[in-house]
$ cat target_10.txt   # compact mmCIF, C-alpha atoms
# COMPACT_ATOMS: atom_id res chain seq x y z
CA MET A 1 -26.41 -9.61 26.84
CA ARG A 2 -24.50 -6.31 26.55
CA TYR A 3 -21.25 -8.21 27.14
CA LEU A 4 -22.09 -10.69 24.35
CA TYR A 5 -22.91 -7.82 21.94
CA THR A 6 -19.63 -6.07 22.72
CA THR A 7 -17.66 -9.27 22.26
CA CYS A 8 -19.28 -9.93 18.89
CA LEU A 9 -18.64 -6.37 17.75
CA VAL A 10 -14.95 -6.57 18.64
CA ALA A 11 -14.66 -9.92 16.85
CA MET A 12 -16.26 -8.47 13.72
CA LEU A 13 -13.88 -5.50 13.72
CA ILE A 14 -10.89 -7.81 14.03
CA LEU A 15 -12.13 -9.85 11.06
CA VAL A 16 -12.56 -6.72 8.99
CA PHE A 17 -9.01 -5.54 9.64
CA VAL A 18 -7.52 -9.00 9.09
CA CYS A 19 -9.47 -9.96 5.98
CA PHE A 20 -9.54 -6.59 4.30
CA PRO A 21 -6.15 -4.93 4.82
CA SER A 22 -5.52 -1.51 3.28
CA LYS A 23 -3.03 -1.17 0.43
CA SER A 24 -0.50 0.56 2.62
CA GLN A 25 -1.00 -1.30 5.89
CA ALA A 26 2.60 -2.52 5.97
CA ILE A 27 3.79 1.06 6.54
CA PRO A 28 3.17 2.30 10.11
CA LEU A 29 0.39 4.88 10.13
CA THR A 30 1.98 8.31 10.27
CA PRO A 31 0.74 11.50 8.57
CA ILE A 32 3.20 11.04 5.68
CA HIS A 33 4.17 7.62 4.31
CA ILE A 34 6.40 8.78 1.46
CA LEU A 35 8.23 12.08 0.95
CA ILE A 36 9.25 12.87 -2.61
CA ASP A 37 12.33 15.07 -2.56
CA VAL A 38 12.25 16.97 -5.87
CA GLY A 39 15.87 17.68 -6.74
CA HIS A 40 17.12 21.24 -7.45
CA GLY A 41 14.75 24.09 -8.41
CA GLY A 42 14.73 27.86 -8.88
CA VAL A 43 18.19 29.28 -9.58
CA ASP A 44 19.60 25.75 -9.22
CA SER A 45 18.78 24.08 -12.52
CA GLY A 46 20.80 20.94 -11.87
CA THR A 47 22.32 19.33 -14.93
CA SER A 48 21.12 20.28 -18.42
CA PHE A 49 21.15 19.52 -22.13
CA GLY A 50 20.44 22.47 -24.40
CA ASN A 51 17.26 24.04 -23.07
CA LEU A 52 16.33 20.95 -21.04
CA TYR A 53 16.89 21.33 -17.30
CA GLU A 54 17.06 18.65 -14.64
CA LYS A 55 14.97 20.69 -12.20
CA ASP A 56 12.02 20.65 -14.63
CA ILE A 57 12.26 16.91 -15.37
CA ASN A 58 12.48 16.13 -11.66
CA LEU A 59 9.31 18.11 -10.97
CA GLN A 60 7.39 16.65 -13.91
CA VAL A 61 8.15 13.06 -12.88
CA ALA A 62 7.58 13.88 -9.20
CA LYS A 63 4.03 15.10 -9.89
CA ARG A 64 3.24 11.94 -11.85
CA LEU A 65 4.78 9.79 -9.12
CA TYR A 66 2.79 11.66 -6.47
CA GLN A 67 -0.44 10.86 -8.32
CA GLN A 68 0.40 7.19 -8.82
CA LEU A 69 1.46 6.63 -5.20
CA THR A 70 -1.61 8.49 -3.94
CA ASP A 71 -3.84 6.36 -6.17
CA ALA A 72 -2.16 3.28 -4.67
CA GLY A 73 -3.33 4.36 -1.21
CA TYR A 74 -0.25 6.02 0.23
CA SER A 75 -0.03 9.38 1.99
CA VAL A 76 2.52 11.32 -0.06
CA ALA A 77 4.16 14.75 0.12
CA LEU A 78 6.29 16.77 -2.30
CA ASN A 79 8.86 19.15 -0.84
CA ARG A 80 8.34 21.48 -3.78
CA GLU A 81 5.43 21.74 -6.21
CA GLU A 82 6.79 24.51 -8.43
CA ASP A 83 10.06 25.90 -9.73
CA ILE A 84 11.48 27.31 -6.50
CA ALA A 85 14.77 27.00 -4.64
CA LEU A 86 14.24 25.52 -1.18
CA SER A 87 17.25 27.50 0.01
CA ASP A 88 15.06 30.63 -0.16
CA ASP A 89 12.88 29.22 2.63
CA ASN A 90 15.86 28.49 4.85
CA ARG A 91 16.24 31.52 7.10
CA TRP A 92 17.53 29.60 10.09
CA LEU A 93 20.91 28.36 8.81
CA HIS A 94 23.44 31.20 8.78
CA SER A 95 25.57 30.09 5.86
CA ARG A 96 26.71 31.90 2.74
CA SER A 97 26.40 28.65 0.79
CA ARG A 98 23.06 28.57 -1.03
CA HIS A 99 23.68 24.88 -1.81
CA LEU A 100 24.17 24.02 1.86
CA ARG A 101 21.04 25.96 2.84
CA ASP A 102 19.10 24.05 0.21
CA LEU A 103 20.30 20.66 1.46
CA ALA A 104 19.71 21.62 5.10
CA GLN A 105 16.16 22.74 4.26
CA ARG A 106 15.42 19.39 2.62
CA LYS A 107 16.77 17.60 5.68
CA ASN A 108 14.72 19.80 8.02
CA LEU A 109 11.50 19.21 6.07
CA ALA A 110 12.06 15.46 6.28
CA LYS A 111 12.65 15.75 10.01
CA GLU A 112 9.41 17.70 10.52
CA MET A 113 7.25 15.49 8.29
CA VAL A 114 8.60 12.21 9.72
CA PRO A 115 7.97 10.15 6.55
CA GLN A 116 8.49 6.40 6.49
CA VAL A 117 10.44 6.60 3.22
CA MET A 118 12.08 9.37 1.21
CA LEU A 119 12.68 9.24 -2.55
CA SER A 120 15.01 11.93 -3.90
CA LEU A 121 14.52 12.35 -7.67
CA HIS A 122 17.41 13.41 -9.90
CA VAL A 123 18.76 13.21 -13.46
CA ASN A 124 22.30 12.13 -14.30
CA TRP A 125 24.86 13.43 -16.80
CA SER A 126 28.06 11.98 -18.25
CA SER A 127 30.72 13.15 -20.68
CA ASP A 128 30.24 9.72 -22.28
CA SER A 129 27.03 10.06 -24.32
CA GLY A 130 26.80 6.26 -24.46
CA ARG A 131 26.36 5.99 -20.69
CA ARG A 132 22.70 5.40 -19.88
CA GLY A 133 20.24 3.88 -17.43
CA PRO A 134 19.08 4.49 -13.86
CA VAL A 135 21.40 4.56 -10.85
CA ILE A 136 20.03 4.27 -7.32
CA LEU A 137 22.11 5.52 -4.37
CA TYR A 138 21.42 4.22 -0.88
CA GLN A 139 22.29 4.73 2.80
CA SER A 140 24.31 2.34 4.96
CA ASN A 141 21.32 0.52 6.38
CA GLU A 142 19.34 -2.58 5.51
CA GLN A 143 16.06 -0.99 4.51
CA SER A 144 17.59 1.70 2.31
CA TYR A 145 19.55 -0.96 0.43
CA MET A 146 16.46 -3.12 0.03
CA LEU A 147 14.46 -0.20 -1.36
CA ALA A 148 17.34 0.76 -3.67
CA ASP A 149 17.70 -2.78 -4.97
CA LEU A 150 13.99 -3.03 -5.76
CA LEU A 151 13.99 0.38 -7.45
CA GLN A 152 17.09 -0.46 -9.46
CA SER A 153 15.59 -3.72 -10.69
CA SER A 154 12.27 -2.12 -11.61
CA LEU A 155 13.87 0.79 -13.48
CA ASN A 156 16.43 -1.54 -15.11
CA ARG A 157 13.55 -3.47 -16.67
CA LEU A 158 12.15 -0.24 -18.08
CA ALA A 159 15.49 1.01 -19.43
CA GLY A 160 16.89 -2.35 -20.50
CA SER A 161 19.94 -1.84 -18.27
CA LYS A 162 21.74 -4.05 -15.73
CA ASP A 163 23.26 -1.61 -13.23
CA LYS A 164 23.32 -2.27 -9.49
CA PRO A 165 22.56 0.22 -6.71
CA VAL A 166 25.47 2.22 -5.32
CA LYS A 167 26.19 3.20 -1.72
CA GLY A 168 26.02 6.99 -1.54
CA LYS A 169 28.41 7.62 1.33
CA THR A 170 29.16 11.27 0.56
CA TYR A 171 25.66 12.55 -0.24
CA TYR A 172 24.22 14.98 2.31
CA VAL A 173 20.61 13.86 1.83
CA LEU A 174 21.56 10.26 2.58
CA ARG A 175 23.89 11.04 5.49
CA HIS A 176 21.49 13.44 7.25
CA ASN A 177 18.10 11.81 7.26
CA TYR A 178 15.72 10.12 9.66
CA CYS A 179 14.12 7.41 7.53
CA PRO A 180 15.12 4.92 4.82
CA SER A 181 16.09 7.18 1.92
CA VAL A 182 17.42 6.75 -1.61
CA ILE A 183 18.52 9.01 -4.44
CA VAL A 184 16.89 7.96 -7.71
CA GLU A 185 19.02 9.02 -10.68
CA MET A 186 16.35 8.32 -13.28
CA GLY A 187 18.62 8.36 -16.34
CA PHE A 188 21.28 10.32 -18.21
CA ILE A 189 20.17 13.53 -19.90
CA SER A 190 23.39 13.29 -21.95
CA ASN A 191 22.17 10.05 -23.60
CA ALA A 192 19.64 10.29 -26.46
CA ALA A 193 17.57 7.24 -25.44
CA ASP A 194 17.41 8.23 -21.77
CA ARG A 195 16.65 11.83 -22.72
CA GLN A 196 13.66 10.72 -24.79
CA LEU A 197 12.31 8.65 -21.88
CA LEU A 198 12.91 11.45 -19.35
CA THR A 199 11.21 14.18 -21.37
CA ASP A 200 8.33 12.35 -23.04
CA PRO A 201 5.10 12.44 -20.94
CA LYS A 202 4.46 8.74 -21.59
CA GLY A 203 8.05 7.95 -20.63
CA GLN A 204 7.67 9.94 -17.42
CA GLU A 205 4.52 7.96 -16.60
CA LYS A 206 6.46 4.73 -17.12
CA ILE A 207 9.24 5.92 -14.81
CA ALA A 208 6.69 6.86 -12.14
CA GLN A 209 4.99 3.49 -12.56
CA ALA A 210 8.27 1.58 -12.19
CA ILE A 211 9.06 3.50 -8.99
CA THR A 212 5.55 2.95 -7.61
CA GLU A 213 5.76 -0.80 -8.26
CA ALA A 214 9.11 -1.00 -6.46
CA VAL A 215 7.81 0.97 -3.47
CA SER A 216 4.76 -1.29 -3.18
CA GLU A 217 7.00 -4.36 -3.31
CA TYR A 218 9.23 -2.84 -0.62
CA VAL A 219 6.22 -2.21 1.62
CA THR A 220 5.04 -5.80 1.17
CA LEU A 221 8.47 -7.22 2.02
CA THR A 222 9.33 -5.02 5.01
CA GLY A 223 6.03 -5.12 6.84
CA ASN A 224 6.31 -3.06 10.00
CA LEU A 225 10.08 -3.46 10.43
CA LYS A 226 11.78 -0.40 11.84
CA MET A 227 14.95 1.03 10.40
CA GLU A 228 18.12 -0.14 12.13
CA ALA A 229 20.44 2.85 12.03
CA PHE A 230 23.78 2.16 10.34
CA ALA A 231 23.11 -1.57 9.95
CA GLU A 232 25.12 -2.71 6.96
CA GLU A 233 23.25 -4.19 4.02
CA SER A 234 23.65 -7.90 4.62
CA TRP A 235 20.95 -10.54 4.30
CA TRP A 236 19.04 -8.68 1.59
CA GLN A 237 22.20 -8.05 -0.45
CA ASN A 238 23.26 -11.67 -0.06
CA LEU A 239 19.83 -12.85 -1.12
CA ALA A 240 19.75 -10.53 -4.15
CA ASN A 241 23.25 -11.56 -5.22
CA GLY A 242 22.34 -15.22 -4.80
CA LEU A 243 19.32 -14.86 -7.07
CA VAL A 244 21.40 -13.10 -9.73
CA ASN A 245 24.21 -15.62 -9.58
$ encode --input "target_10.txt" --output "C-alpha cells"
Amino acid sequence: MRYLYTTCLVAMLILVFVCFPSKSQAIPLTPIHILIDVGHGGVDSGTSFGNLYEKDINLQVAKRLYQQLTDAGYSVALNREEDIALSDDNRWLHSRSRHLRDLAQRKNLAKEMVPQVMLSLHVNWSSDSGRRGPVILYQSNEQSYMLADLLQSSLNRLAGSKDKPVKGKTYYVLRHNYCPSVIVEMGFISNAADRQLLTDPKGQEKIAQAITEAVSEYVTLTGNLKMEAFAEESWWQNLANGLVN
C-alpha cells in the first residue's frame, strides 16, 4: 500500500511539472538567470547630448527592464542600481586605467554571479544626426547571435528601423565573459527621434518591453541548450537570412 501511494505521488508531481511549466523553465535553474550590465556610471558619463547623459538613460531603462523581466518570472540582477563607477569597487586589479578597472569589475561580477544571459545596456552617438535606431553587438557564438538577432528584430519594430546585429569582436565585455552576452545600443542620443524615445518614461517602458519580449522568445527557442564556446553563428544566421530573403 505504501509503495502504491509513493508511486501515485511521484506520478502526480511529474504531471504537475509537465503540464504547468514555469515561465522561465527553459533557462537552467541558477541563482541569476539574467544579468543587466548598466553601462558607464559615476565619473564615466558615457556619451551625452547637452545635459543628457548616457549613464542616466542606461540606468533608467535598466530599472524598468529589471521590473519587467522580474514580473515575467526571471531571476534578474543589476550590476549597479545608482550613479556609481564600478571601477571604484575594483581594488584587486592594479592598473592606472580607470576604464580597464571598470570593465574588469563588470567581467568579475558576471563570473561570480554565473548568469545564463547578460544584457549590456548602452546609448549610441553619431556625428550624423540622421543616424538612428538600435544596434545589437554579439559574441562569436551561436546563442549570442541568436539573442542579438531576436533583440535587433524586436527593437527594430519599435524604432521602425531595419538594421542587423553586428559582431562585436573588439569589445571587452563580449570577449571576456562566461555566458551568452550582447551589447544593446538602444538608440542614438544624437538623433532627435531616438532621443525622445530614450528619455521619455513611456518610451523607456517600450524599450524595456521590446527587450523582455526578445529575451522570452530566446528562452523558448533555446530550451536548455548550453553555450558552445566560440562556435560561429551558423544555422540560426542562415535561417534568419532565409526568412528575410
$ closest_residue --input "target_10.txt" --among "A:Gly168, A:Gln116, A:Glu81, A:Leu198" --to "A:His33" --atoms "only C-alpha atoms"
A:Gln116
$ closest_residue --input "target_10.txt" --among "A:Arg157, A:His122, A:Arg131, A:Lys169" --to "A:Gly39" --atoms "all atoms listed in the file"
A:His122
$ closest_residue --input "target_10.txt" --among "A:Asp194, A:Glu213, A:Glu185, A:Glu205" --to "A:Asn124" --atoms "all atoms listed in the file"
A:Glu185
$ closest_atom_pairs --input "target_10.txt" --of "stretch 107-211 of chain A" --to "stretch 50-65 of chain A" --cutoff "12 Å" --atoms "only C-alpha atoms" --output "Markdown table"
| residue | atom | partner | partner_atom | distance |
| --- | --- | --- | --- | --- |
| A:Leu119 | CA | A:Ala62 | CA | 9.6 |
| A:Ser120 | CA | A:Asn58 | CA | 9.2 |
| A:Leu121 | CA | A:Asn58 | CA | 5.9 |
| A:His122 | CA | A:Asn58 | CA | 5.9 |
| A:Val123 | CA | A:Glu54 | CA | 5.8 |
| A:Asn124 | CA | A:Glu54 | CA | 8.4 |
| A:Trp125 | CA | A:Glu54 | CA | 9.6 |
| A:Ile183 | CA | A:Asn58 | CA | 11.8 |
| A:Val184 | CA | A:Asn58 | CA | 10.1 |
| A:Glu185 | CA | A:Asn58 | CA | 9.7 |
| A:Met186 | CA | A:Asn58 | CA | 8.9 |
| A:Gly187 | CA | A:Glu54 | CA | 10.5 |
| A:Phe188 | CA | A:Glu54 | CA | 10.0 |
| A:Ile189 | CA | A:Glu54 | CA | 8.0 |
| A:Ser190 | CA | A:Gly50 | CA | 9.9 |
| A:Asp194 | CA | A:Ile57 | CA | 12.0 |
| A:Arg195 | CA | A:Leu52 | CA | 9.3 |
| A:Gln196 | CA | A:Leu52 | CA | 11.2 |
| A:Leu197 | CA | A:Ile57 | CA | 10.5 |
| A:Leu198 | CA | A:Ile57 | CA | 6.8 |
| A:Thr199 | CA | A:Ile57 | CA | 6.7 |
| A:Asp200 | CA | A:Ile57 | CA | 9.8 |
| A:Pro201 | CA | A:Gln60 | CA | 8.5 |
| A:Lys202 | CA | A:Arg64 | CA | 10.3 |
| A:Gly203 | CA | A:Val61 | CA | 9.3 |
| A:Gln204 | CA | A:Val61 | CA | 5.5 |
| A:Glu205 | CA | A:Arg64 | CA | 6.3 |
| A:Lys206 | CA | A:Arg64 | CA | 9.5 |
| A:Ile207 | CA | A:Val61 | CA | 7.5 |
| A:Ala208 | CA | A:Leu65 | CA | 4.6 |
| A:Gln209 | CA | A:Leu65 | CA | 7.2 |
| A:Ala210 | CA | A:Leu65 | CA | 9.4 |
| A:Ile211 | CA | A:Leu65 | CA | 7.6 |
$ residues_around --input "target_10.txt" --residues "A:Ile136" --least-positions-apart "2" --cutoff "8 Å" --atoms "only C-alpha atoms" --output "number ranges by chain"
A: 134, 138, 148-149, 151-152, 164-166, 182-185
$ atom_distance --input "target_10.txt" --atom1 "atom CA of A:Leu137" --atom2 "atom CA of A:Leu174"
8.4 Å
$ atom_distance --input "target_10.txt" --atom1 "atom CA of A:Val219" --atom2 "atom CA of A:Leu158"
20.7 Å
$ decode --input "target_10.txt" --residues "stretch 115-154 of chain A" --atoms "C-alpha atoms" --output "CSV table (one decimal), in the first residue's frame"
chain,number,residue,atom,x,y,z
A,115,PRO,CA,24.1,34.3,-15.1
A,116,GLN,CA,22.6,32.4,-18.0
A,117,VAL,CA,22.5,35.6,-20.1
A,118,MET,CA,24.0,39.1,-19.9
A,119,LEU,CA,22.5,42.2,-21.4
A,120,SER,CA,24.8,45.3,-21.5
A,121,LEU,CA,22.7,48.4,-22.0
A,122,HIS,CA,24.2,51.4,-23.8
A,123,VAL,CA,23.3,54.5,-25.9
A,124,ASN,CA,24.9,55.3,-29.2
A,125,TRP,CA,26.1,58.6,-30.7
A,126,SER,CA,27.0,59.7,-34.3
A,127,SER,CA,28.2,62.8,-35.9
A,128,ASP,CA,25.5,62.2,-38.5
A,129,SER,CA,22.3,63.4,-36.7
A,130,GLY,CA,20.2,61.4,-39.2
A,131,ARG,CA,21.7,58.1,-38.0
A,132,ARG,CA,19.2,56.4,-35.7
A,133,GLY,CA,17.9,53.0,-34.4
A,134,PRO,CA,19.1,50.2,-32.2
A,135,VAL,CA,22.3,48.3,-32.8
A,136,ILE,CA,23.0,44.9,-31.1
A,137,LEU,CA,26.5,43.6,-30.8
A,138,TYR,CA,27.2,39.9,-30.2
A,139,GLN,CA,29.9,37.4,-29.4
A,140,SER,CA,31.3,34.8,-31.8
A,141,ASN,CA,28.9,32.0,-30.6
A,142,GLU,CA,25.6,30.6,-31.7
A,143,GLN,CA,23.5,31.6,-28.7
A,144,SER,CA,24.8,35.2,-28.5
A,145,TYR,CA,24.0,35.7,-32.2
A,146,MET,CA,20.5,34.2,-31.7
A,147,LEU,CA,19.8,36.5,-28.8
A,148,ALA,CA,21.2,39.5,-30.7
A,149,ASP,CA,19.1,38.7,-33.8
A,150,LEU,CA,15.9,38.5,-31.7
A,151,LEU,CA,16.7,41.7,-29.8
A,152,GLN,CA,17.5,43.5,-33.0
A,153,SER,CA,14.2,42.5,-34.7
A,154,SER,CA,12.2,43.4,-31.6
